[in-house]
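This report refers to the structure that appears directly beneath it.
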Amino acid sequence: MTDSNPRALRSSAERPAATASGYVMLIVALLALAAIVHSVVALSGRDAFGWNALVLVAGAVVLVFVSIGFYLLQPNQAAAILLFGAYQGTDRNTGLRWAWPWLIKKKISVRIHNITSERLKVNDLRGNPIEIASNVVWRVADTAQALFDVDDYREFVHIQIESAVRAIGSRYPYDDFTHEEMTLRGNAEHVSDELRAELQERVEMAGVHIDECRLTHLAYAQEIAQAMLRRQQAEAVIAARQKLVEGAVSMVETALEQLSAKNVVELDDERRAAMVSNLMVVLCSERDTQPVVNAGSLYQ
């Protein structure tokens, strides 16, 4: 893809390179070596000096010419082929390969890479400083873009990981005690998926594919960690007390209904209020309650 702007980046695209199997050319090299050995033996015997000398020179030229074109590719390794700086294609065939000697072979790994980012201090959506880090699994998908569209694709990926983590960290609050918002702590799976999409968009121009992103560290920054811990503890106590009161009210209501239904005792409004008060104290107290026996009347 080209742009009418002469200063715009010319995006590259990977395509197969026209290379040959190295094993076929290895046979050619061995034949040239055999011709050289035969010529040397013949020259030592002064037999057909001119013809053997010609075979010797030709064999040496062929051997050197073929030998320069050999290169090896391991599994999940590729080689970009260049001709005087112009991209000619990428060879992804493994084993012994051969290309014309004047072609430059620039090898690049297309294996899976694993990076754990440093712990970054970011302000979340509410402005609270937090520490966040992620693990990213990535690989090179387009060798031409990785080699020719960015200066250093590894460094480029590292920088974009940091930028994406900062962007995602500031997009959500760390926590929501009302459980009404999407948060970094409560929706880690969704946040990780969004981080992957954000990072994939950023590294697309470098021919890199993001396989997986996961948050590996998430915590409040040290300067507010204690305050937030106390807040979380207070919220937990309030939530626990709310549940306790709801349960106590239900139990008191059930007790009064069963007492009335079975005609165990008839309670007027004042005695009903006293019973409700006593039951709520017993059920909601944090400590064991001590009964007090009233030997007289409730109205004395």
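Chain lettering (A, B, ...) mirrors the order of the structure tokens, residue numbering begins at 1 for each chain separately, and ligand numbering begins at 1 in order of display.
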
(message) So that I can check the surroundings of A:Ala32, please list as number ranges by chain every protein, DNA and RNA residue that reaches within 9 Å of it, counting only C-alpha atoms and ignoring chain neighbours fewer than 6 positions away.
(response) A: 56, 58-63

(request) Fewer than 2 positions away in the same chain doesn't count, so skip those; otherwise give me all residues within 6 Å of A:Val208, counting only C-alpha atoms, as a list of chain:residue names. (result) A:Arg139, A:Val140, A:Ala141, A:Val203, A:Glu204, A:Ala206

Residues as selected, all heavy atoms, written as a PDB file, in the first residue's frame, can you do that?
ATOM      1  N   ARG A 139       3.863 -12.857  18.915  1.00  0.00           N
ATOM      2  CA  ARG A 139       4.742 -13.441  17.891  1.00  0.00           C
ATOM      3  C   ARG A 139       4.689 -12.574  16.643  1.00  0.00           C
ATOM      4  O   ARG A 139       3.752 -11.788  16.450  1.00  0.00           O
ATOM      5  CB  ARG A 139       4.327 -14.867  17.555  1.00  0.00           C
ATOM      6  CG  ARG A 139       2.883 -14.995  17.127  1.00  0.00           C
ATOM      7  CD  ARG A 139       2.444 -16.441  17.000  1.00  0.00           C
ATOM      8  NE  ARG A 139       1.002 -16.565  16.831  1.00  0.00           N
ATOM      9  CZ  ARG A 139       0.374 -16.466  15.673  1.00  0.00           C
ATOM     10  NH1 ARG A 139       1.070 -16.254  14.563  1.00  0.00           N
ATOM     11  NH2 ARG A 139      -0.936 -16.588  15.597  1.00  0.00           N
ATOM     12  N   VAL A 140       5.688 -12.722  15.808  1.00  0.00           N
ATOM     13  CA  VAL A 140       5.749 -11.991  14.546  1.00  0.00           C
ATOM     14  C   VAL A 140       4.880 -12.713  13.524  1.00  0.00           C
ATOM     15  O   VAL A 140       5.070 -13.905  13.262  1.00  0.00           O
ATOM     16  CB  VAL A 140       7.200 -11.882  14.044  1.00  0.00           C
ATOM     17  CG1 VAL A 140       7.230 -11.261  12.652  1.00  0.00           C
ATOM     18  CG2 VAL A 140       8.040 -11.056  15.002  1.00  0.00           C
ATOM     19  N   ALA A 141       3.911 -12.006  12.971  1.00  0.00           N
ATOM     20  CA  ALA A 141       3.022 -12.584  11.952  1.00  0.00           C
ATOM     21  C   ALA A 141       3.434 -12.182  10.547  1.00  0.00           C
ATOM     22  O   ALA A 141       3.313 -12.964   9.608  1.00  0.00           O
ATOM     23  CB  ALA A 141       1.574 -12.166  12.218  1.00  0.00           C
ATOM     24  N   VAL A 203       0.142  -2.572  17.787  1.00  0.00           N
ATOM     25  CA  VAL A 203       1.303  -3.246  17.184  1.00  0.00           C
ATOM     26  C   VAL A 203       0.993  -3.803  15.800  1.00  0.00           C
ATOM     27  O   VAL A 203       1.825  -4.503  15.221  1.00  0.00           O
ATOM     28  CB  VAL A 203       1.814  -4.377  18.105  1.00  0.00           C
ATOM     29  CG1 VAL A 203       2.233  -3.818  19.452  1.00  0.00           C
ATOM     30  CG2 VAL A 203       0.755  -5.459  18.267  1.00  0.00           C
ATOM     31  N   GLU A 204      -0.196  -3.526  15.295  1.00  0.00           N
ATOM     32  CA  GLU A 204      -0.569  -4.034  13.969  1.00  0.00           C
ATOM     33  C   GLU A 204       0.407  -3.581  12.902  1.00  0.00           C
ATOM     34  O   GLU A 204       0.759  -4.337  11.991  1.00  0.00           O
ATOM     35  CB  GLU A 204      -1.989  -3.568  13.627  1.00  0.00           C
ATOM     36  CG  GLU A 204      -2.601  -4.264  12.432  1.00  0.00           C
ATOM     37  CD  GLU A 204      -2.993  -5.694  12.728  1.00  0.00           C
ATOM     38  OE1 GLU A 204      -3.374  -5.978  13.877  1.00  0.00           O
ATOM     39  OE2 GLU A 204      -2.912  -6.522  11.799  1.00  0.00           O
ATOM     40  N   ALA A 206       3.470  -3.159  13.057  1.00  0.00           N
ATOM     41  CA  ALA A 206       4.754  -3.847  13.139  1.00  0.00           C
ATOM     42  C   ALA A 206       4.647  -5.312  12.742  1.00  0.00           C
ATOM     43  O   ALA A 206       5.618  -6.060  12.875  1.00  0.00           O
ATOM     44  CB  ALA A 206       5.334  -3.727  14.552  1.00  0.00           C
TER      45      ALA A 206
END

(request) Work out how far atom CA of A:Tyr174 is from atom CA of A:Ser192, in Å to one decimal. (result) 13.8 Å

(message) List the spatial neighbours of A:Leu82 as JSON, numbers by chain - criterion: any atom at most 12 Å away, only C-alpha atoms, same-chain residues fewer than 2 positions off excluded.
(response) {"A": [17, 18, 19, 79, 80, 84, 85, 86, 87, 88, 89, 90, 91, 99, 100, 101, 102, 103, 104, 105, 106, 107, 144, 147, 148]}

(request) For A:Ala20, work out the shell of residues within 12 Å, counting only C-alpha atoms and skipping chain neighbours fewer than 5 positions away, then give it as a ChimeraX atom specification. (result) /A:25-26,66,69-72,91-100

(message) as a ChimeraX atom specification, please: every residue in stretch 2-115 of chain A that a backbone DSSP assignment puts in strand (DSSP E or B).
(response) /A:16,20-21,70-73,77-83,86-91,95-98,104-109,113-115

(request) Apply DSSP to the structure's backbone, then extract all residues of stretch 34-201 of chain A labelled helix (DSSP H, G or I) and return them as a VMD selection string. (result) chain A and resid 34 to 44 49 to 68 143 to 148 153 to 169 188 to 201

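Comparing A:Asp151, A:Asp142, A:Asn128, A:Arg15 by their smallest distance to A:Ile81, the closest is A:Arg15 (using only C-alpha atoms).
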
(request) Skip A:Thr116 itself and residues of its chain fewer than 4 positions away, then list as an NGL selection string all residues within 12 Å of it, counting only C-alpha atoms. (result) :A and (120 or 132-138 or 157-158 or 161-162 or 165 or 212-217)

Contacts of A:Ser170 within 7 Å, only C-alpha atoms, excl. fewer than 4 positions in-chain, as a CSV table (one decimal) with C-alpha atoms, in the first residue's frame:
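As written to disk, result-v2.csv reads:
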chain,number,residue,atom,x,y,z
A,122,VAL,CA,-1.1,4.6,37.0
A,123,ASN,CA,-4.0,6.7,38.1
A,124,ASP,CA,-7.3,4.8,37.7
A,125,LEU,CA,-10.6,6.3,36.6
A,166,ARG,CA,-1.4,2.7,31.2

(request) Quote the spacing between atom CA of A:Val191 and atom CA of A:Arg154 in Å to one decimal place. (result) 24.0 Å

(message) Report, in Å to a single decimal, how far apart atom CA of A:Ala197 and atom CA of A:Ser11 are.
(response) 21.2 Å
